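Chemist: Take this structure first; my questions come after.
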Amino acid sequence: MYKAVIFDLDGTLYNNRHLPIQLVMSNPSKAFWMLSERIVRRRLAGREFESEQDFRDTQYRLIGTKHGSTREDAKQWYENSYMPTMVRLIGERHPRYPWAVPLIDSYRQQGCKIALFSDYAWTREKLAALGIDERLFDVIVDGPGLAGLKPCKRSFMRVVEMLGATPKTTLMYGDRDDTDGAGCRDVGIKFINVKKEKLCFKPTK
């Protein structure tokens, strides 16, 4: 019997398949900024940082360098253009999966503690865009805030600790084996890949 359940957000509670190209098409002149961001995220995946600020400083510096610009330019683009546009597109074109809220609520009714653990920030803004009540979650966290993107082992353990659980009594739903799955395996959390399950499943006890 699981005592805690972790849900990823992007690609797990809604289909984000076409979101990257939509982001590019929304502002083609910023396409190289977006490419730089994705390259840097892959480079930082799994690394531990001293703090969220340390992570952000590194992220913006590397994006700026990759783009041939400055850290401050990268920060301004990311916080004032990229993430707001992502949230807007999610709200306009990417409705949540119909099973998402019932599944989360079913675990709450079983007495499980529920966490939302995203690799991106702006989680509450995305939940609002999807029409998902953030009060469904006992814990809402993200990789940058935990100073380590998935599959950072420390970040996964911190989420488990916040839920007052252990890895063996925790279950996670995600959509990527290389991030969600790898992090779960490193700490001993049971992982369910929603893509492989074809979105046709019942709560796991």
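Ligands are numbered from 1 in the order shown, residues from 1 within each chain, and chains are lettered A, B, ... in the order they appear in the structure tokens.
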For the strand (DSSP E or B) assignment from backbone DSSP, which residues of chain A qualify? Please present them as a PyMOL selection string.
Modeler: chain A and resi 4-7+10+14+96+113-118+139-142+170-174+190-193
Chemist: List the neighbours of Gly111 of chain A out to 10 Å using only C-alpha atoms; skip same-chain residues closer than 6 positions along the sequence, and give me the result as a PyMOL selection string.
Modeler: chain A and resi 2-4+105
Chemist: Could you find all residues in segment 37-185 of chain A that DSSP calls helix (DSSP H, G or I) from the backbone, and write them as number ranges by chain?
Modeler: A: 37-44, 52-67, 71-93, 100-109, 123-130, 134-136, 153-162, 167-169, 177-185
Chemist: For segment 155-166 of chain A, list every protein, DNA or RNA residue within 7 Å, evaluated using only C-alpha atoms, and leave out those in the same chain fewer than 6 positions away; present the list as JSON, numbers by chain.
Modeler: {"A": [3, 4, 113, 143, 146, 148, 183]}
Chemist: Using atom CA of Asp138 of chain A and atom CA of Leu116 of chain A as the two end points, give the distance in Å to one decimal.
Modeler: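 If I compute the distance from atom CA of Asp138 of chain A to atom CA of Leu116 of chain A, I get 8.3 Å.
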